[in-house]
>>> print(open('final-v3.tsv').read())   # TSV, C-alpha atoms
chain	number	residue	atom	x	y	z
A	1	MET	CA	0.00	0.00	0.00
A	2	LEU	CA	1.30	3.36	-1.02
A	3	VAL	CA	1.46	5.87	1.73
A	4	GLU	CA	1.19	9.57	0.78
A	5	PRO	CA	4.26	11.32	2.09
A	6	ALA	CA	3.65	13.96	4.71
A	7	SER	CA	3.89	17.50	3.27
A	8	ALA	CA	6.74	19.59	4.57
A	9	LYS	CA	5.59	22.25	7.01
A	10	THR	CA	6.95	25.80	6.82
A	11	PRO	CA	8.20	26.89	10.22
A	12	THR	CA	6.22	29.77	11.76
A	13	PRO	CA	8.37	32.89	12.39
A	14	THR	CA	8.84	33.74	16.00
A	15	ARG	CA	7.69	37.10	17.42
A	16	PHE	CA	11.33	38.20	17.62
A	17	GLU	CA	11.91	37.43	13.94
A	18	LEU	CA	8.81	39.38	12.92
A	19	VAL	CA	9.89	42.40	14.95
A	20	ALA	CA	13.42	42.23	13.54
A	21	THR	CA	12.10	42.10	9.97
A	22	TYR	CA	9.85	45.09	10.62
A	23	VAL	CA	12.69	47.10	12.16
A	24	HIS	CA	15.01	46.32	9.23
A	25	ALA	CA	12.35	47.38	6.72
A	26	CYS	CA	11.68	50.65	8.55
A	27	SER	CA	15.40	51.36	8.80
A	28	ALA	CA	15.83	50.86	5.08
A	29	MET	CA	12.97	53.26	4.35
A	30	VAL	CA	14.42	55.90	6.71
A	31	ILE	CA	17.88	55.63	5.14
A	32	ALA	CA	16.42	55.91	1.65
A	33	GLY	CA	14.43	58.99	2.69
A	34	LEU	CA	17.49	60.65	4.24
A	35	MET	CA	19.52	59.99	1.10
A	36	LEU	CA	16.78	61.59	-1.01
A	37	LEU	CA	16.58	64.66	1.25
A	38	ARG	CA	20.34	65.03	1.12
A	39	ALA	CA	20.35	64.87	-2.64
A	40	ILE	CA	17.64	67.55	-2.79
A	41	SER	CA	19.33	69.82	-0.25
A	42	GLU	CA	22.71	69.59	-1.98
A	43	ARG	CA	21.27	70.75	-5.27
A	44	THR	CA	21.69	74.52	-5.54
A	45	PRO	CA	19.19	75.76	-8.12
A	46	ASP	CA	19.94	78.73	-10.29
A	47	PRO	CA	17.95	81.75	-9.06
A	48	VAL	CA	16.16	82.02	-12.41
A	49	ASP	CA	15.14	78.36	-12.30
A	50	LYS	CA	14.14	78.63	-8.65
A	51	TRP	CA	11.91	81.66	-8.96
A	52	GLY	CA	10.65	81.36	-12.51
A	53	ILE	CA	9.47	84.21	-14.67
A	54	SER	CA	6.91	86.97	-14.32
A	55	ASP	CA	3.41	85.86	-13.39
A	56	PRO	CA	0.46	87.77	-14.89
A	57	LEU	CA	-1.18	87.77	-11.44
A	58	LEU	CA	1.33	90.37	-10.30
A	59	ASP	CA	1.32	92.48	-13.44
A	60	SER	CA	-1.22	94.89	-11.93
A	61	VAL	CA	0.21	94.85	-8.40
A	62	GLY	CA	1.32	98.46	-8.79
A	63	ALA	CA	-2.28	99.59	-8.61
A	64	PHE	CA	-2.62	98.59	-4.95
A	65	SER	CA	0.89	98.17	-3.58
A	66	HIS	CA	3.50	100.56	-2.31
A	67	GLU	CA	6.88	100.80	-3.94
A	68	LEU	CA	9.84	100.90	-1.57
A	69	ALA	CA	12.46	100.27	-4.23
A	70	ASP	CA	12.19	100.47	-8.00
A	71	SER	CA	14.49	99.93	-10.93
A	72	THR	CA	14.43	98.75	-14.50
A	73	SER	CA	15.56	95.31	-13.31
A	74	ASN	CA	13.47	92.30	-14.26
A	75	VAL	CA	13.71	91.05	-10.66
A	76	ARG	CA	10.50	91.96	-8.86
A	77	ILE	CA	10.04	91.21	-5.17
A	78	VAL	CA	6.64	91.57	-3.52
A	79	GLU	CA	6.08	91.23	0.22
A	80	PHE	CA	2.62	90.46	1.61
A	81	VAL	CA	2.58	91.93	5.08
A	82	ASP	CA	0.42	92.19	8.20
A	83	LEU	CA	1.61	95.12	10.29
A	84	GLU	CA	0.51	93.47	13.56
A	85	CYS	CA	2.39	90.26	12.75
A	86	SER	CA	5.44	89.84	15.00
A	87	ALA	CA	7.08	87.53	12.46
A	88	CYS	CA	6.66	90.29	9.85
A	89	ALA	CA	8.39	92.76	12.16
A	90	HIS	CA	11.30	90.38	12.72
A	91	TYR	CA	11.62	89.59	9.00
A	92	HIS	CA	11.47	93.26	8.09
A	93	ARG	CA	14.10	94.16	10.65
A	94	SER	CA	16.52	91.33	9.84
A	95	VAL	CA	16.01	90.87	6.08
A	96	ILE	CA	13.99	93.53	4.28
A	97	ALA	CA	15.48	96.65	5.90
A	98	PRO	CA	19.09	95.55	5.30
A	99	LEU	CA	18.24	94.65	1.70
A	100	LEU	CA	16.68	98.05	1.08
A	101	ARG	CA	19.71	99.77	2.59
A	102	GLU	CA	21.83	97.97	-0.01
A	103	LYS	CA	19.51	99.05	-2.82
A	104	PRO	CA	21.87	101.65	-4.35
A	105	SER	CA	24.27	98.84	-5.31
A	106	MET	CA	21.63	96.30	-6.33
A	107	SER	CA	19.02	96.18	-9.06
A	108	PHE	CA	15.52	95.07	-8.08
A	109	SER	CA	11.97	96.26	-7.58
A	110	PHE	CA	10.38	95.86	-4.14
A	111	ARG	CA	6.72	96.39	-3.34
A	112	VAL	CA	4.60	95.94	-0.22
A	113	VAL	CA	1.08	94.55	-0.44
A	114	HIS	CA	-1.25	94.56	2.57
A	115	PHE	CA	-2.46	91.18	3.83
A	116	PRO	CA	-3.99	91.89	7.28
A	117	LEU	CA	-5.01	88.63	8.92
A	118	ASP	CA	-8.31	88.22	10.74
A	119	ILE	CA	-6.54	86.88	13.85
A	120	HIS	CA	-4.94	90.28	14.43
A	121	PRO	CA	-7.55	92.80	15.64
A	122	PHE	CA	-5.54	95.92	14.75
A	123	ALA	CA	-3.90	94.76	11.52
A	124	ARG	CA	-6.48	96.29	9.23
A	125	ALA	CA	-6.43	99.64	11.06
A	126	ALA	CA	-2.64	99.64	10.78
A	127	ALA	CA	-2.93	98.94	7.05
A	128	VAL	CA	-5.36	101.85	6.68
A	129	GLY	CA	-2.91	104.07	8.54
A	130	ALA	CA	-0.10	103.00	6.22
A	131	GLU	CA	-2.23	103.78	3.18
A	132	CYS	CA	-3.08	107.22	4.54
A	133	ALA	CA	0.62	107.83	5.13
A	134	ARG	CA	1.22	106.75	1.54
A	135	GLU	CA	-0.99	109.59	0.37
A	136	GLN	CA	1.56	111.97	1.87
A	137	GLY	CA	4.59	110.03	0.69
A	138	ARG	CA	5.50	108.53	4.07
A	139	MET	CA	4.31	104.92	3.91
A	140	GLY	CA	7.78	103.38	4.14
A	141	SER	CA	8.55	105.21	7.37
A	142	PHE	CA	5.05	104.50	8.75
A	143	VAL	CA	5.43	100.74	8.10
A	144	GLU	CA	8.81	100.63	9.81
A	145	LEU	CA	7.62	102.55	12.88
A	146	ALA	CA	4.37	100.58	13.12
A	147	MET	CA	6.30	97.32	13.24
A	148	GLN	CA	8.41	98.72	16.06
A	149	ARG	CA	5.33	99.73	18.07
A	150	GLN	CA	3.04	96.74	17.64
A	151	ARG	CA	2.51	96.39	21.39
A	152	SER	CA	0.93	99.86	21.47
A	153	PHE	CA	-1.65	99.19	18.74
A	154	ALA	CA	-4.43	98.81	21.31
A	155	ASP	CA	-3.99	102.49	22.15
A	156	GLU	CA	-4.76	103.44	18.52
A	157	ILE	CA	-1.61	105.48	18.15
A	158	TRP	CA	-1.92	105.88	14.37
A	159	VAL	CA	-1.64	109.68	14.39
A	160	ASP	CA	1.40	109.51	16.66
A	161	ILE	CA	3.08	107.03	14.32
A	162	ALA	CA	2.17	109.19	11.34
A	163	PHE	CA	3.64	112.28	12.97
A	164	ASP	CA	6.87	110.49	13.87
A	165	ALA	CA	7.00	109.03	10.35
A	166	GLY	CA	7.06	112.52	8.90
A	167	VAL	CA	3.43	112.89	7.79
A	168	ALA	CA	3.09	116.65	7.44
A	169	ASP	CA	-0.68	117.07	7.58
A	170	THR	CA	-1.88	115.01	10.52
A	171	ALA	CA	-5.38	116.53	10.28
A	172	ALA	CA	-5.73	115.17	6.76
A	173	PHE	CA	-4.31	111.88	7.99
A	174	SER	CA	-6.93	111.70	10.75
A	175	THR	CA	-9.68	112.33	8.22
A	176	CYS	CA	-8.24	109.64	5.97
A	177	ILE	CA	-8.13	106.88	8.59
A	178	ARG	CA	-11.80	107.49	9.39
A	179	SER	CA	-12.76	107.14	5.73
A	180	SER	CA	-13.09	104.02	3.57
A	181	ARG	CA	-11.29	105.35	0.51
A	182	ASN	CA	-8.36	102.94	0.84
A	183	ASP	CA	-10.44	99.85	1.61
A	184	GLY	CA	-10.36	98.74	-2.01
A	185	ARG	CA	-6.55	98.70	-2.14
A	186	ILE	CA	-6.37	96.59	1.01
A	187	GLU	CA	-9.03	94.12	-0.19
A	188	ARG	CA	-7.33	93.71	-3.55
A	189	GLY	CA	-4.08	92.94	-1.79
A	190	LYS	CA	-5.75	90.29	0.37
A	191	ALA	CA	-7.43	88.75	-2.68
A	192	LEU	CA	-4.14	88.55	-4.56
A	193	ALA	CA	-2.37	86.98	-1.58
A	194	ARG	CA	-4.96	84.23	-1.42
A	195	GLU	CA	-4.96	83.77	-5.19
A	196	ILE	CA	-1.25	83.04	-5.34
A	197	GLY	CA	-1.53	80.73	-2.32
A	198	ALA	CA	-0.22	82.78	0.60
A	199	GLN	CA	-1.36	81.16	3.86
A	200	GLY	CA	0.09	83.67	6.30
A	201	THR	CA	2.50	86.52	6.77
A	202	PRO	CA	5.10	87.49	5.93
A	203	ALA	CA	4.99	86.03	2.44
A	204	ILE	CA	7.42	86.77	-0.38
A	205	ALA	CA	6.84	86.43	-4.11
A	206	VAL	CA	9.69	86.80	-6.57
A	207	ASN	CA	8.77	87.39	-10.20
A	208	GLY	CA	5.29	86.15	-9.49
A	209	ARG	CA	6.24	82.92	-7.74
A	210	LEU	CA	5.41	82.55	-4.06
A	211	ALA	CA	8.34	81.38	-1.95
A	212	GLY	CA	7.42	78.23	-0.04
A	213	ILE	CA	10.02	79.12	2.58
A	214	LEU	CA	10.93	82.72	3.34
A	215	PRO	CA	14.21	83.55	1.64
A	216	THR	CA	17.06	84.67	3.84
A	217	LEU	CA	18.93	87.92	3.28
A	218	ASP	CA	21.72	86.05	1.51
A	219	GLU	CA	19.22	84.25	-0.71
A	220	LEU	CA	17.59	87.54	-1.68
A	221	ARG	CA	21.01	88.97	-2.45
A	222	GLU	CA	21.63	86.00	-4.70
A	223	ILE	CA	18.27	86.44	-6.39
A	224	VAL	CA	18.79	90.10	-7.23
A	225	GLY	CA	22.24	89.28	-8.56
A	226	ARG	CA	25.65	90.81	-8.19
A	227	PRO	CA	26.02	94.50	-7.37
A	228	VAL	CA	25.65	96.63	-10.47
A	229	ALA	CA	27.66	99.54	-9.07
A	230	SER	CA	29.79	100.32	-6.07
A	231	ALA	CA	28.03	102.72	-3.77
A	232	PRO	CA	27.80	103.24	-0.01
A	233	ALA	CA	24.86	101.46	1.60
A	234	THR	CA	22.16	103.98	2.40
A	235	ARG	CA	18.45	103.74	3.12
A	236	ALA	CA	16.38	103.82	-0.07
>>> encode(input="final-v3.tsv", output="structure tokens")
Amino acid sequence: MLVEPASAKTPTPTRFELVATYVHACSAMVIAGLMLLRAISERTPDPVDKWGISDPLLDSVGAFSHELADSTSNVRIVEFVDLECSACAHYHRSVIAPLLREKPSMSFSFRVVHFPLDIHPFARAAAVGAECAREQGRMGSFVELAMQRQRSFADEIWVDIAFDAGVADTAAFSTCIRSSRNDGRIERGKALAREIGAQGTPAIAVNGRLAGILPTLDELREIVGRPVASAPATRA
């Protein structure tokens, strides 16, 4: 009588072997991910490739922005700012202000667009104040002083800031901040910020492309290129 041979049984992995296999697989995935991140970080893109070309969305930005630096350069930098935002104040102090001081030896256009966030109760009033200072040619100074005095916004010190910023006619300024004539400029700035994908402030767009990570001062220097002339650094 033929007896059917017993089928060979596959040994069941122990709990230790299962855990070891899982750990090895996870380790391999982590190492592969780190190698990929390293390869990406070591690649230094050309500024033109990194920031692209002009975007039609920003072609009309001049109608509702304020120009702090202008040139015939094809490098256009736009900052979306909330004047009550502490991160905006830090970025302005450590990056934007030094860049603008170097403007005489660099070639770029720089514009500020209001993007007051709803979480900041005084941001819109500060933006209105800045626009009213713009009407008297003092928006740049107003923006800088406002960022320095954010903790005093609750006291509605807009006229004081305007006076210290060099606004000559404070009576006209007071009338302006009580009016709605600059509301359209602020709303158009907010709409553009959302349209290009800005989620918060500060946000920087270069040649129409929103920066996913805020560029450092050195990165902005690289973007605008080498100095076009030797000149002492002065405030623009």
>>> closest_residue(input="final-v3.tsv", among="A:Ile177, A:Leu210, A:Cys132, A:Ala127", to="Ala193 (chain A)", atoms="all atoms listed in the file")
A:Leu210
>>> atom_distance(input="final-v3.tsv", atom1="CA of Leu99 (chain A)", atom2="CA of Phe80 (chain A)")
16.2 Å
>>> closest_residue(input="final-v3.tsv", among="A:Ala87, A:Ile196, A:Ala191, A:Ile186", to="His114 (chain A)", atoms="all atoms listed in the file")
A:Ile186
>>> atom_distance(input="final-v3.tsv", atom1="CA of Asn207 (chain A)", atom2="CA of Ala97 (chain A)")
19.7 Å
>>> closest_residue(input="final-v3.tsv", among="A:Arg151, A:Arg138, A:Lys103, A:His92", to="Ser73 (chain A)", atoms="only C-alpha atoms")
A:Lys103
>>> closest_residue(input="final-v3.tsv", among="A:Cys176, A:Leu83, A:Ala205, A:Leu145", to="Leu192 (chain A)", atoms="all atoms listed in the file")
A:Ala205
>>> closest_residue(input="final-v3.tsv", among="A:Ser107, A:Phe173, A:Leu100, A:His120", to="Glu135 (chain A)", atoms="all atoms listed in the file")
A:Phe173
>>> closest_residue(input="final-v3.tsv", among="A:Ala146, A:Val78, A:Ala126, A:Ala154", to="Phe108 (chain A)", atoms="only C-alpha atoms")
A:Val78
>>> atom_distance(input="final-v3.tsv", atom1="CA of Val81 (chain A)", atom2="CA of Pro116 (chain A)")
6.9 Å
>>> residues_around(input="final-v3.tsv", residues="Ala123 (chain A)", least_positions_apart="6", cutoff="9 Å", atoms="all atoms listed in the file", output="MDAnalysis selection string")
chainID A and resid 82:85 115:117 153
>>> residues_around(input="final-v3.tsv", residues="Gly137 (chain A)", least_positions_apart="3", cutoff="12 Å", atoms="all atoms listed in the file", output="list in words")
His66, Glu67, Leu68, Ala130, Glu131, Cys132, Ala133, Arg134, Gly140, Ser141, Phe142, Val143, Ala162, Ala165, Gly166, Val167, Ala168, Asp169 and Phe173 of chain A
>>> build_atoms(input="final-v3.tsv", residues="region 113-149 of chain A", atoms="N, CA and C atoms", output="short mmCIF file (atom, residue, chain, number, x, y, z; two decimals), in the coordinates of the input")
data_model
loop_
_atom_site.label_atom_id
_atom_site.label_comp_id
_atom_site.auth_asym_id
_atom_site.auth_seq_id
_atom_site.Cartn_x
_atom_site.Cartn_y
_atom_site.Cartn_z
N VAL A 113 2.51 94.74 -0.25
CA VAL A 113 1.08 94.55 -0.44
C VAL A 113 0.47 94.18 0.91
N HIS A 114 -0.61 94.84 1.29
CA HIS A 114 -1.25 94.56 2.57
C HIS A 114 -1.97 93.21 2.55
N PHE A 115 -1.74 92.45 3.64
CA PHE A 115 -2.46 91.18 3.83
C PHE A 115 -2.79 91.05 5.32
N PRO A 116 -3.64 91.95 5.85
CA PRO A 116 -3.99 91.89 7.28
C PRO A 116 -4.79 90.63 7.58
N LEU A 117 -4.36 89.88 8.56
CA LEU A 117 -5.01 88.63 8.92
C LEU A 117 -6.12 88.88 9.94
N ASP A 118 -7.16 88.06 9.85
CA ASP A 118 -8.31 88.22 10.74
C ASP A 118 -7.96 87.97 12.20
N ILE A 119 -6.90 87.20 12.46
CA ILE A 119 -6.54 86.88 13.85
C ILE A 119 -5.91 88.07 14.56
N HIS A 120 -5.56 89.10 13.82
CA HIS A 120 -4.94 90.28 14.43
C HIS A 120 -5.95 91.44 14.43
N PRO A 121 -6.44 91.83 15.59
CA PRO A 121 -7.55 92.80 15.64
C PRO A 121 -7.20 94.20 15.15
N PHE A 122 -5.92 94.56 15.15
CA PHE A 122 -5.54 95.92 14.75
C PHE A 122 -4.81 95.97 13.40
N ALA A 123 -4.69 94.81 12.76
CA ALA A 123 -3.90 94.76 11.52
C ALA A 123 -4.52 95.59 10.41
N ARG A 124 -5.84 95.53 10.30
CA ARG A 124 -6.48 96.29 9.23
C ARG A 124 -6.37 97.80 9.48
N ALA A 125 -6.56 98.22 10.74
CA ALA A 125 -6.43 99.64 11.06
C ALA A 125 -5.01 100.12 10.78
N ALA A 126 -4.03 99.28 11.07
CA ALA A 126 -2.64 99.64 10.78
C ALA A 126 -2.42 99.77 9.28
N ALA A 127 -3.05 98.87 8.51
CA ALA A 127 -2.93 98.94 7.05
C ALA A 127 -3.56 100.22 6.51
N VAL A 128 -4.71 100.59 7.08
CA VAL A 128 -5.36 101.85 6.68
C VAL A 128 -4.44 103.03 6.99
N GLY A 129 -3.83 103.01 8.18
CA GLY A 129 -2.91 104.07 8.54
C GLY A 129 -1.75 104.17 7.57
N ALA A 130 -1.21 103.01 7.18
CA ALA A 130 -0.10 103.00 6.22
C ALA A 130 -0.52 103.59 4.89
N GLU A 131 -1.74 103.25 4.45
CA GLU A 131 -2.23 103.78 3.18
C GLU A 131 -2.44 105.29 3.25
N CYS A 132 -2.90 105.77 4.39
CA CYS A 132 -3.08 107.22 4.54
C CYS A 132 -1.74 107.93 4.60
N ALA A 133 -0.73 107.27 5.17
CA ALA A 133 0.62 107.83 5.13
C ALA A 133 1.16 107.82 3.71
N ARG A 134 0.79 106.82 2.94
CA ARG A 134 1.22 106.75 1.54
C ARG A 134 0.74 107.97 0.77
N GLU A 135 -0.45 108.44 1.08
CA GLU A 135 -0.99 109.59 0.37
C GLU A 135 -0.13 110.84 0.57
N GLN A 136 0.66 110.84 1.63
CA GLN A 136 1.56 111.97 1.87
C GLN A 136 3.03 111.57 1.71
N GLY A 137 3.23 110.45 1.02
CA GLY A 137 4.59 110.03 0.69
C GLY A 137 5.41 109.49 1.83
N ARG A 138 4.76 108.97 2.89
CA ARG A 138 5.50 108.53 4.07
C ARG A 138 5.17 107.09 4.48
N MET A 139 4.72 106.28 3.53
CA MET A 139 4.31 104.92 3.91
C MET A 139 5.49 104.08 4.39
N GLY A 140 6.63 104.18 3.73
CA GLY A 140 7.78 103.38 4.14
C GLY A 140 8.15 103.62 5.59
N SER A 141 8.21 104.88 5.99
CA SER A 141 8.55 105.21 7.37
C SER A 141 7.44 104.77 8.33
N PHE A 142 6.17 104.91 7.90
CA PHE A 142 5.05 104.50 8.75
C PHE A 142 5.11 102.99 9.00
N VAL A 143 5.36 102.20 7.96
CA VAL A 143 5.43 100.74 8.10
C VAL A 143 6.53 100.36 9.07
N GLU A 144 7.69 100.97 8.94
CA GLU A 144 8.81 100.63 9.81
C GLU A 144 8.50 100.97 11.27
N LEU A 145 7.94 102.15 11.51
CA LEU A 145 7.62 102.55 12.88
C LEU A 145 6.48 101.72 13.47
N ALA A 146 5.49 101.40 12.64
CA ALA A 146 4.37 100.58 13.12
C ALA A 146 4.85 99.23 13.59
N MET A 147 5.78 98.63 12.85
CA MET A 147 6.30 97.32 13.24
C MET A 147 7.08 97.41 14.55
N GLN A 148 7.67 98.55 14.81
CA GLN A 148 8.41 98.72 16.06
C GLN A 148 7.48 98.92 17.25
N ARG A 149 6.24 99.36 16.98
CA ARG A 149 5.33 99.73 18.07
C ARG A 149 4.07 98.85 18.12
#
